[in-house]
Amino acid sequence: MKKWMIAAGLVLIAGGSAKFLLYPDDDIGPPAVASTLSQQQLLARGAYLAKAGDCMACHTTRGGVPYAGGRALQTPFGKVLSPNITADKETGIGSWTADDFWRAIHNGKSKDGRLLYPAFPYTSYTKVQREDSDALYAYFQSVPPHKQANAPHALRFPYNQQLALAAWRALYFKPGVYQPLTSQSMEWNRGAYLVQGLGHCSACHSSRTTLGGSDDGLSGGLIPVLGWYAPSLTSDAEAGLGDWDTAHIVELLQTGVSPRATVFGPMAEVVRQSLQHMGSTDVQAMAVYLKSLPGPAQPSKKVPRDTSEQFRQQLALGAKLYEAQCASCHQADGKGVPPGYPPLAGNRALTTDSAVNAIRLVLNGGFAPGTSGNPRPYGMPPFGPVMDDAEVAAVVTYLRASWGNDAPAVSALEVNKYRSVPLE
């Protein structure tokens, strides 16, 4: 599962009649049940589903054996180590049955009955249909076994207690397969099934309580520990896609770039390791669903424009630095040269209440993901080594207040807060 998204979760650790089974080939029509597939087709479907869920991202260490686990997921409550899910019978899940696997996916319980930590986002996976769970199970049983014992988690008390986890589940978890809405189209329901289930988008794009619970919505929130802001997908003032062309949404999800925006940071990994491998029918369905989410536009809260001498000086410094360091790519008018150099004018990613993403991009730079549709992505160099905190703050403030953008200034103190945040 996406490591950026999983880290946002608390570390305490048959749907309706319509079917929304997922396929690697858009031309294959869904059979009634998984048992009608040949073994080869079942394994291909399971492999596709594993890509859709981005399972390798968390269950594989950098340079390690695929799915052998051991990747550390940093959370506010301690460190969670992902388990071995290869077909090894002693240290992996080779001895599990399809029912054991379904219990983990749907109910968040291991083979031995232990409650699983929702760093494994079963709060989303519970929506997955049994047929897709069985296909995933078949695929993981085909993954070459690798003997690698699971390392213990390093969670603080009381978050390492099963009793505390049971209490958390009573508050924040209710198992249930996705129920299609008869008022919506088949395509919309397919997209909802993907976004809410295997895609587990709410793991990042929702706010969290102090105990790590969420409403599984997509209203946006700061990803704990990782220090990135996952913007709201239900508000066109942030990352809502209500006024986008559907084709541009598909392009962004599959390639990481579009005429409207480019993905960086955590979302770049999601596109590279998961979304680019999905069939066009599924991505189109996700786009249709995501485009439908933003409600009626709400009047923005107008913040009185800062007219102080200090703000004018900060803007002047930002303009000077932008001209010297940024304008050659993003252009003097901020319109950029998309898709290689995204536009800054009217870019909602710059004007969210939280300026953390803009700060981190200026400090650390970033690359759009390398994908089959964008094999040689343009990158942005890091300016943290050559700019001090006040200069970074001035540039970000200039970006947030120019070409029609209208967002509050950023202070040097805010910039300094993110200099020491790990990149992953």
# chains A, B, ... in the order shown; residues from 1 in each chain; ligands from 1
call {"tool": "residues_around", "arguments": {"residues": "range 57-64 of chain A", "least_positions_apart": "2", "cutoff": "12 Å", "atoms": "only C-alpha atoms", "output": "VMD selection string"}}
result
chain A and resid 1 to 7 50 to 55 66 to 74 80 to 86 92 119 to 121 140 146 148 150 266 269 to 274 424
call {"tool": "residues_around", "arguments": {"residues": "Pro294 in chain A", "least_positions_apart": "6", "cutoff": "8 Å", "atoms": "only C-alpha atoms", "output": "list in words"}}
result
Leu233, Thr234, Ser235, Asp236, Gly240, Leu241 and Gly242 of chain A
call {"tool": "closest_residue", "arguments": {"among": "A:Lys320, A:Lys174, A:His153, A:Arg190", "to": "Leu290 in chain A", "atoms": "only C-alpha atoms"}}
result
A:Arg190
call {"tool": "atom_distance", "arguments": {"atom1": "CA of Pro224 in chain A", "atom2": "CA of Thr209 in chain A"}}
result
10.9 Å
call {"tool": "residues_around", "arguments": {"residues": "Thr255 in chain A", "least_positions_apart": "5", "cutoff": "8 Å", "atoms": "only C-alpha atoms", "output": "count of residues only"}}
result
9
call {"tool": "residues_around", "arguments": {"residues": "Gln141 in chain A", "least_positions_apart": "3", "cutoff": "8 Å", "atoms": "only C-alpha atoms", "output": "list in words"}}
result
Thr86, Ala87, Ile93, Gly94, Tyr137, Ala138 and Pro144 of chain A
call {"tool": "write_last_selection", "arguments": {"atoms": "C-alpha atoms", "output": "CSV table (one decimal), in the first residue's frame"}}
result
chain,number,residue,atom,x,y,z
A,86,THR,CA,5.4,-13.8,-0.1
A,87,ALA,CA,4.3,-17.4,-0.3
A,93,ILE,CA,1.5,-16.0,4.1
A,94,GLY,CA,2.1,-19.3,2.3
A,137,TYR,CA,-4.8,-14.1,-2.6
A,138,ALA,CA,-4.1,-16.3,-5.6
A,144,PRO,CA,8.2,-16.8,-4.9
call {"tool": "select_by_dssp", "arguments": {"residues": "range 169-269 of chain A", "states": "helix (DSSP H, G or I)", "output": "JSON, numbers by chain"}}
result
{"A": [169, 170, 171, 172, 186, 187, 188, 189, 190, 191, 192, 193, 194, 195, 196, 201, 202, 203, 246, 247, 248, 249, 250, 251, 252, 253, 254, 255, 266, 267, 268, 269]}
call {"tool": "atom_distance", "arguments": {"atom1": "CA of Thr91 in chain A", "atom2": "CA of Tyr139 in chain A"}}
result
17.2 Å
call {"tool": "atom_distance", "arguments": {"atom1": "CA of Arg208 in chain A", "atom2": "CA of Leu350 in chain A"}}
result
22.3 Å
call {"tool": "closest_residue", "arguments": {"among": "A:Ser232, A:Ser214, A:Ser292, A:Gln331", "to": "Asp353 in chain A", "atoms": "only C-alpha atoms"}}
result
A:Ser232
call {"tool": "residues_around", "arguments": {"residues": "range 393-395 of chain A", "least_positions_apart": "2", "cutoff": "7 Å", "atoms": "only C-alpha atoms", "output": "ChimeraX atom specification"}}
result
/A:314-315,317-318,321-322,389-391,397-399,410-412,415
